[in-house]
Amino acid sequence: MAVTKIIAKKWEIKDRNRLLLGAVLPDVYREGDTSHESHLIIRIRGGGWVTYDLTNFKKRYGERMTEDSLYLGYYLHLVQDLVYRDFVYNEYHWNPTAAGNIERLHNDYRLINSYIIEKYGLRNELFISDDFEKEPINALYPFGIHRLYDDLKSDFTAFSDGDIFFFTKEMADSFIGKACEICDKELQAWKKGKSFVDAYDWAWKKRAVSLLETTLNTRELGGYRTRQGKMTKVHTLLRSDEQKQLNSGDIAYLSERQITTIIDMRTKRFTSHLPSLFANRPPFGYHNIPIEEGSGVPESIEAVPVSYMNIAGSVNMRQVYQCIAHAPQGVLFHCSAGKDRSGVVSAILLLLAEVGDKDIIENYMMTKECNAKRFALARKNHPDLDINIIIPREEFMIRFLQLFREKYGDAENYMRRIGVLPEEIEMIQSKLVDTERKH
């Protein structure tokens, strides 16, 4: 409310009450619900990062933002929340995972409300029309609007239970100043049909988790921004480790997203010991394309990037990409741990989509987090193994990308060199990149 009042003084706003209502509306979610839907929270960069989908909001309500201050206020709330997360996580290194920290932070808010109300001259004067439920914004989320007056009354009631734990008055003032500055720049850009805040760059890291319940390392190649500003498609290409079991939830997850082609790159030594659970299981089409290279442990740390080049040059790799090209729907490809062979295929696919090296390296490094249990087991069962060889390191992927470019130039030339046809390359690219959506 403080930020909105400052914005309303500086900019020519058609309806200040509507602007304020929009500014608080994203937090008016239903009791027992979370703010994920009302804040348009999306996972990007392979699912390892989270942000607010500002692009989608402007696509749906861009015209209304110009005509109705409520939608502008809503949008600026999302911008302020991105600023806030950067403020508390990056500047002040807030730890939300420690037991009780979230509750203590919320108590801090209640403690400093009176200070903010007095300093910025706030009043509880928000007006909500009786027919609010007919507002088009309700198509975005079913707001618990009936609770808003009670919530505001509570916020405007003096509170003195406990002491400040983390979020001080000085921090509040500092954040309000920063939020006003960023909102001001966003408004200036918006007036010119542009954006100042890039939700992709303002995203925050989340713990990497497997998309399937029965695997450790099933992840997206979707949600990455390309050099042309487009996004790689979600629910289309998944990388994974082997599936030692399948449950109904995993089958439903893949089926609902039409991921029906399974490419198993394990060799016969592994498939005979642990046959794929996708074989002969409709609606899935199972393809075992063994890649011998990468099925063992390299001799040294220095040999890892070279082993990745050997994987890329495998005689069967052409079949992997052709299978992806001709797949009728989405594809899940996997090896044993989802680390080396799957990592190389993923890196080359992202290169083909023209995703930046930083994101490619990060996609590779998520395996370190997802496979933590697998690596711990390797330490226990193989005490003589140099664990540093099998745990992902950024320099492995950095060096592989260097060697790959020295030999092939780019991913498209690589695919032509190994025998993938031009039309098949185009088919893969169409599975990779959302040609309409930009971020």
# chains A, B, ... in the order shown; residues from 1 in each chain; ligands from 1
call {"tool": "residues_around", "arguments": {"residues": "region 215-217 of chain A", "least_positions_apart": "6", "cutoff": "8 Å", "atoms": "only C-alpha atoms", "output": "PDB file with C-alpha atoms, in the first residue's frame"}}
result
ATOM      1  CA  VAL A 209      13.360 -32.398  -7.697  1.00  0.00           C
ATOM      2  CA  ARG A 239      15.762 -36.254 -19.449  1.00  0.00           C
ATOM      3  CA  SER A 240      15.874 -38.975 -16.828  1.00  0.00           C
ATOM      4  CA  ASP A 241      17.636 -41.730 -14.971  1.00  0.00           C
ATOM      5  CA  GLU A 242      16.457 -45.345 -15.187  1.00  0.00           C
ATOM      6  CA  GLN A 243      13.054 -46.330 -13.865  1.00  0.00           C
ATOM      7  CA  LYS A 244      13.397 -49.191 -11.405  1.00  0.00           C
ATOM      8  CA  ALA A 337      21.871 -42.184 -13.680  1.00  0.00           C
ATOM      9  CA  GLY A 338      20.599 -39.518 -16.087  1.00  0.00           C
ATOM     10  CA  THR A 367      21.990 -33.707 -11.562  1.00  0.00           C
ATOM     11  CA  CYS A 370      18.970 -34.703  -7.726  1.00  0.00           C
ATOM     12  CA  ASN A 371      21.413 -37.614  -7.537  1.00  0.00           C
TER      13      ASN A 371
END
call {"tool": "closest_atom_pairs", "arguments": {"of": "region 13-89 of chain A", "to": "region 146-168 of chain A", "cutoff": "9 Å", "atoms": "only C-alpha atoms", "output": "tab-separated table"}}
result
residue	atom	partner	partner_atom	distance
A:Leu25	CA	A:Leu148	CA	8.8
A:Val28	CA	A:Leu148	CA	6.6
A:Arg30	CA	A:Arg147	CA	8.5
A:Glu31	CA	A:Arg147	CA	8.7
A:Val88	CA	A:Phe167	CA	8.7
call {"tool": "write_last_selection", "arguments": {"atoms": "C-alpha atoms", "output": "CSV table (one decimal), in the first residue's frame"}}
result
chain,number,residue,atom,x,y,z
A,25,LEU,CA,-5.4,-8.4,-4.8
A,28,VAL,CA,-6.3,-12.1,-1.4
A,30,ARG,CA,-8.6,-18.4,-0.6
A,31,GLU,CA,-8.2,-19.6,3.0
A,88,VAL,CA,15.5,-10.5,1.3
call {"tool": "closest_residue", "arguments": {"among": "A:Lys431, A:Ile41, A:Ile391, A:Asp386", "to": "Ile324 (chain A)", "atoms": "only C-alpha atoms"}}
result
A:Lys431
call {"tool": "select_by_dssp", "arguments": {"residues": "region 69-298 of chain A", "states": "helix (DSSP H, G or I)", "output": "PyMOL selection string"}}
result
chain A and resi 69-91+101-119+132-134+136-139+145-155+169-191+248-256+268-271
call {"tool": "write_last_selection", "arguments": {"atoms": "C-alpha atoms", "output": "mmCIF file, in the first residue's frame"}}
result
data_model
loop_
_atom_site.group_PDB
_atom_site.id
_atom_site.type_symbol
_atom_site.label_atom_id
_atom_site.label_comp_id
_atom_site.auth_asym_id
_atom_site.auth_seq_id
_atom_site.Cartn_x
_atom_site.Cartn_y
_atom_site.Cartn_z
ATOM 1 C CA SER A 69 -5.960 0.893 -12.913
ATOM 2 C CA LEU A 70 -6.844 -2.339 -11.104
ATOM 3 C CA TYR A 71 -4.895 -4.405 -13.639
ATOM 4 C CA LEU A 72 -1.950 -2.040 -13.521
ATOM 5 C CA GLY A 73 -1.894 -2.320 -9.733
ATOM 6 C CA TYR A 74 -2.012 -6.111 -9.960
ATOM 7 C CA TYR A 75 0.910 -6.174 -12.379
ATOM 8 C CA LEU A 76 2.982 -3.822 -10.221
ATOM 9 C CA HIS A 77 2.356 -6.086 -7.224
ATOM 10 C CA LEU A 78 4.025 -8.941 -9.111
ATOM 11 C CA VAL A 79 6.948 -6.668 -9.988
ATOM 12 C CA GLN A 80 7.287 -5.616 -6.335
ATOM 13 C CA ASP A 81 7.286 -9.235 -5.199
ATOM 14 C CA LEU A 82 10.178 -10.009 -7.557
ATOM 15 C CA VAL A 83 12.038 -7.048 -6.070
ATOM 16 C CA TYR A 84 11.210 -8.242 -2.558
ATOM 17 C CA ARG A 85 12.555 -11.721 -3.130
ATOM 18 C CA ASP A 86 15.781 -10.289 -4.492
ATOM 19 C CA PHE A 87 15.907 -7.929 -1.520
ATOM 20 C CA VAL A 88 15.502 -10.463 1.280
ATOM 21 C CA TYR A 89 17.217 -13.465 -0.322
ATOM 22 C CA ASN A 90 20.143 -11.892 -2.136
ATOM 23 C CA GLU A 91 20.794 -8.726 -0.135
ATOM 24 C CA ASN A 101 11.475 -18.592 10.275
ATOM 25 C CA ILE A 102 8.442 -18.006 8.065
ATOM 26 C CA GLU A 103 6.201 -17.486 11.083
ATOM 27 C CA ARG A 104 8.743 -15.115 12.672
ATOM 28 C CA LEU A 105 8.967 -13.095 9.451
ATOM 29 C CA HIS A 106 5.192 -12.711 9.293
ATOM 30 C CA ASN A 107 5.222 -11.591 12.915
ATOM 31 C CA ASP A 108 7.779 -8.926 11.947
ATOM 32 C CA TYR A 109 5.336 -7.630 9.344
ATOM 33 C CA ARG A 110 2.618 -7.246 11.969
ATOM 34 C CA LEU A 111 5.017 -5.497 14.325
ATOM 35 C CA ILE A 112 6.108 -2.833 11.812
ATOM 36 C CA ASN A 113 2.699 -2.220 10.218
ATOM 37 C CA SER A 114 1.941 0.646 12.606
ATOM 38 C CA TYR A 115 5.261 2.272 11.771
ATOM 39 C CA ILE A 116 4.596 2.034 8.020
ATOM 40 C CA ILE A 117 1.022 3.279 8.384
ATOM 41 C CA GLU A 118 2.152 6.371 10.266
ATOM 42 C CA LYS A 119 5.241 7.173 8.204
ATOM 43 C CA PHE A 132 -16.618 -7.563 -7.715
ATOM 44 C CA GLU A 133 -17.192 -11.229 -8.494
ATOM 45 C CA LYS A 134 -18.259 -10.161 -11.994
ATOM 46 C CA PRO A 136 -12.921 -10.189 -15.515
ATOM 47 C CA ILE A 137 -9.895 -10.571 -13.197
ATOM 48 C CA ASN A 138 -11.767 -13.403 -11.461
ATOM 49 C CA ALA A 139 -11.032 -15.576 -14.490
ATOM 50 C CA ILE A 145 -12.491 -11.184 -1.614
ATOM 51 C CA HIS A 146 -14.962 -11.482 1.290
ATOM 52 C CA ARG A 147 -12.003 -11.832 3.678
ATOM 53 C CA LEU A 148 -10.209 -8.695 2.522
ATOM 54 C CA TYR A 149 -11.956 -6.176 4.792
ATOM 55 C CA ASP A 150 -11.255 -8.325 7.852
ATOM 56 C CA ASP A 151 -7.599 -8.774 6.830
ATOM 57 C CA LEU A 152 -7.159 -5.027 6.363
ATOM 58 C CA LYS A 153 -8.786 -4.302 9.699
ATOM 59 C CA SER A 154 -6.301 -6.627 11.333
ATOM 60 C CA ASP A 155 -3.374 -5.000 9.494
ATOM 61 C CA LYS A 169 11.824 -0.799 10.040
ATOM 62 C CA GLU A 170 15.010 0.257 8.268
ATOM 63 C CA MET A 171 14.735 -2.725 5.931
ATOM 64 C CA ALA A 172 11.109 -1.863 5.213
ATOM 65 C CA ASP A 173 12.026 1.695 4.258
ATOM 66 C CA SER A 174 14.892 0.452 2.110
ATOM 67 C CA PHE A 175 12.646 -2.039 0.316
ATOM 68 C CA ILE A 176 9.893 0.533 -0.282
ATOM 69 C CA GLY A 177 12.459 2.857 -1.839
ATOM 70 C CA LYS A 178 13.860 0.139 -4.067
ATOM 71 C CA ALA A 179 10.408 -1.128 -5.080
ATOM 72 C CA CYS A 180 9.315 2.400 -6.018
ATOM 73 C CA GLU A 181 12.460 2.840 -8.102
ATOM 74 C CA ILE A 182 11.960 -0.415 -10.012
ATOM 75 C CA CYS A 183 8.220 0.170 -10.491
ATOM 76 C CA ASP A 184 8.980 3.647 -11.788
ATOM 77 C CA LYS A 185 11.395 2.236 -14.361
ATOM 78 C CA GLU A 186 8.904 -0.459 -15.324
ATOM 79 C CA LEU A 187 6.177 2.135 -15.837
ATOM 80 C CA GLN A 188 8.477 4.242 -18.000
ATOM 81 C CA ALA A 189 9.276 1.198 -20.137
ATOM 82 C CA TRP A 190 5.608 0.121 -20.229
ATOM 83 C CA LYS A 191 4.568 3.511 -21.604
ATOM 84 C CA SER A 248 0.143 -45.032 -11.421
ATOM 85 C CA GLY A 249 1.058 -41.414 -10.625
ATOM 86 C CA ASP A 250 4.108 -41.477 -12.901
ATOM 87 C CA ILE A 251 2.198 -43.162 -15.713
ATOM 88 C CA ALA A 252 -0.555 -40.564 -15.403
ATOM 89 C CA TYR A 253 1.980 -37.707 -15.305
ATOM 90 C CA LEU A 254 3.556 -38.795 -18.591
ATOM 91 C CA SER A 255 0.304 -39.766 -20.284
ATOM 92 C CA GLU A 256 -1.464 -36.500 -19.416
ATOM 93 C CA LYS A 268 22.391 -54.792 -22.905
ATOM 94 C CA ARG A 269 24.450 -55.418 -19.764
ATOM 95 C CA PHE A 270 22.092 -53.099 -17.920
ATOM 96 C CA THR A 271 18.787 -53.755 -19.706
#
call {"tool": "closest_residue", "arguments": {"among": "A:Gly46, A:Ala98, A:Leu19, A:Asp68", "to": "Leu126 (chain A)", "atoms": "only C-alpha atoms"}}
result
A:Leu19
call {"tool": "residues_around", "arguments": {"residues": "Gly285 (chain A)", "least_positions_apart": "2", "cutoff": "9 Å", "atoms": "only C-alpha atoms", "output": "ChimeraX atom specification"}}
result
/A:260-263,278-283,287,327
call {"tool": "closest_residue", "arguments": {"among": "A:Ile387, A:Val3, A:Tyr92, A:Trp202", "to": "Ser300 (chain A)", "atoms": "only C-alpha atoms"}}
result
A:Ile387
call {"tool": "atom_distance", "arguments": {"atom1": "CA of Glu67 (chain A)", "atom2": "CA of Ile6 (chain A)"}}
result
20.2 Å
call {"tool": "residues_around", "arguments": {"residues": "Leu350 (chain A)", "least_positions_apart": "6", "cutoff": "10 Å", "atoms": "only C-alpha atoms", "output": "list in words"}}
result
Leu221, Gly222, Tyr224, Arg225, Thr226, Thr232, Val344, Gly356, Asp357, Asp359, Ile360, Asn363, Ala411, Gln429, Leu432 and Val433 of chain A
call {"tool": "write_last_selection", "arguments": {"atoms": "N, CA, C and O atoms", "output": "JSON list (two decimals), in the first residue's frame"}}
result
[["chain", "number", "residue", "atom", "x", "y", "z"],
["A", 221, "LEU", "N", 13.58, -30.17, -20.22],
["A", 221, "LEU", "CA", 14.41, -29.32, -21.07],
["A", 221, "LEU", "C", 13.64, -28.05, -21.43],
["A", 221, "LEU", "O", 14.13, -27.21, -22.18],
["A", 222, "GLY", "N", 12.44, -27.92, -20.89],
["A", 222, "GLY", "CA", 11.61, -26.75, -21.18],
["A", 222, "GLY", "C", 11.87, -25.61, -20.24],
["A", 222, "GLY", "O", 12.44, -25.76, -19.16],
["A", 224, "TYR", "N", 13.60, -22.75, -20.92],
["A", 224, "TYR", "CA", 14.84, -22.01, -21.12],
["A", 224, "TYR", "C", 14.66, -20.98, -22.22],
["A", 224, "TYR", "O", 14.01, -21.25, -23.24],
["A", 225, "ARG", "N", 15.25, -19.83, -22.02],
["A", 225, "ARG", "CA", 15.17, -18.77, -23.02],
["A", 225, "ARG", "C", 16.27, -18.96, -24.06],
["A", 225, "ARG", "O", 17.42, -19.22, -23.73],
["A", 226, "THR", "N", 15.90, -18.80, -25.31],
["A", 226, "THR", "CA", 16.86, -18.92, -26.41],
["A", 226, "THR", "C", 17.45, -17.55, -26.72],
["A", 226, "THR", "O", 16.99, -16.53, -26.21],
["A", 232, "THR", "N", 12.08, -22.60, -24.68],
["A", 232, "THR", "CA", 11.98, -24.03, -25.00],
["A", 232, "THR", "C", 10.69, -24.58, -24.40],
["A", 232, "THR", "O", 10.25, -24.16, -23.33],
["A", 344, "VAL", "N", 24.79, -35.32, -22.07],
["A", 344, "VAL", "CA", 25.33, -34.92, -23.38],
["A", 344, "VAL", "C", 24.19, -34.67, -24.37],
["A", 344, "VAL", "O", 24.19, -33.66, -25.08],
["A", 356, "GLY", "N", 21.66, -20.39, -23.96],
["A", 356, "GLY", "CA", 22.98, -19.94, -23.55],
["A", 356, "GLY", "C", 23.74, -20.97, -22.73],
["A", 356, "GLY", "O", 23.15, -21.82, -22.06],
["A", 357, "ASP", "N", 25.06, -20.87, -22.76],
["A", 357, "ASP", "CA", 25.92, -21.83, -22.06],
["A", 357, "ASP", "C", 25.64, -21.87, -20.56],
["A", 357, "ASP", "O", 25.68, -22.93, -19.93],
["A", 359, "ASP", "N", 22.89, -21.51, -18.92],
["A", 359, "ASP", "CA", 21.73, -22.35, -18.63],
["A", 359, "ASP", "C", 22.01, -23.81, -18.92],
["A", 359, "ASP", "O", 21.51, -24.70, -18.22],
["A", 360, "ILE", "N", 22.77, -24.10, -19.96],
["A", 360, "ILE", "CA", 23.13, -25.49, -20.28],
["A", 360, "ILE", "C", 23.94, -26.10, -19.14],
["A", 360, "ILE", "O", 23.71, -27.24, -18.72],
["A", 363, "ASN", "N", 21.67, -26.71, -16.16],
["A", 363, "ASN", "CA", 20.84, -27.89, -16.36],
["A", 363, "ASN", "C", 21.63, -29.15, -16.04],
["A", 363, "ASN", "O", 21.13, -30.08, -15.39],
["A", 411, "ALA", "N", 25.52, -27.17, -33.07],
["A", 411, "ALA", "CA", 24.72, -28.39, -32.93],
["A", 411, "ALA", "C", 24.11, -28.83, -34.26],
["A", 411, "ALA", "O", 23.99, -30.03, -34.54],
["A", 429, "GLN", "N", 13.86, -29.29, -33.86],
["A", 429, "GLN", "CA", 13.76, -27.89, -33.46],
["A", 429, "GLN", "C", 12.32, -27.49, -33.15],
["A", 429, "GLN", "O", 12.07, -26.72, -32.23],
["A", 432, "LEU", "N", 11.54, -28.54, -29.77],
["A", 432, "LEU", "CA", 12.31, -27.84, -28.76],
["A", 432, "LEU", "C", 11.78, -26.46, -28.42],
["A", 432, "LEU", "O", 11.70, -26.08, -27.24],
["A", 433, "VAL", "N", 11.44, -25.67, -29.43],
["A", 433, "VAL", "CA", 11.23, -24.25, -29.23],
["A", 433, "VAL", "C", 9.78, -23.85, -29.48],
["A", 433, "VAL", "O", 9.17, -24.26, -30.48]]
call {"tool": "select_by_dssp", "arguments": {"residues": "region 250-390 of chain A", "states": "strand (DSSP E or B)", "output": "PyMOL selection string"}}
result
chain A and resi 259-264+285-288+330-334+355
call {"tool": "closest_residue", "arguments": {"among": "A:Tyr286, A:Phe143, A:Tyr321, A:Tyr364", "to": "Leu352 (chain A)", "atoms": "only C-alpha atoms"}}
result
A:Tyr321
call {"tool": "atom_distance", "arguments": {"atom1": "CA of Ala372 (chain A)", "atom2": "CA of Ile389 (chain A)"}}
result
14.3 Å
call {"tool": "closest_residue", "arguments": {"among": "A:Met65, A:Ala203, A:Ile289, A:Val50", "to": "Gln319 (chain A)", "atoms": "only C-alpha atoms"}}
result
A:Ile289
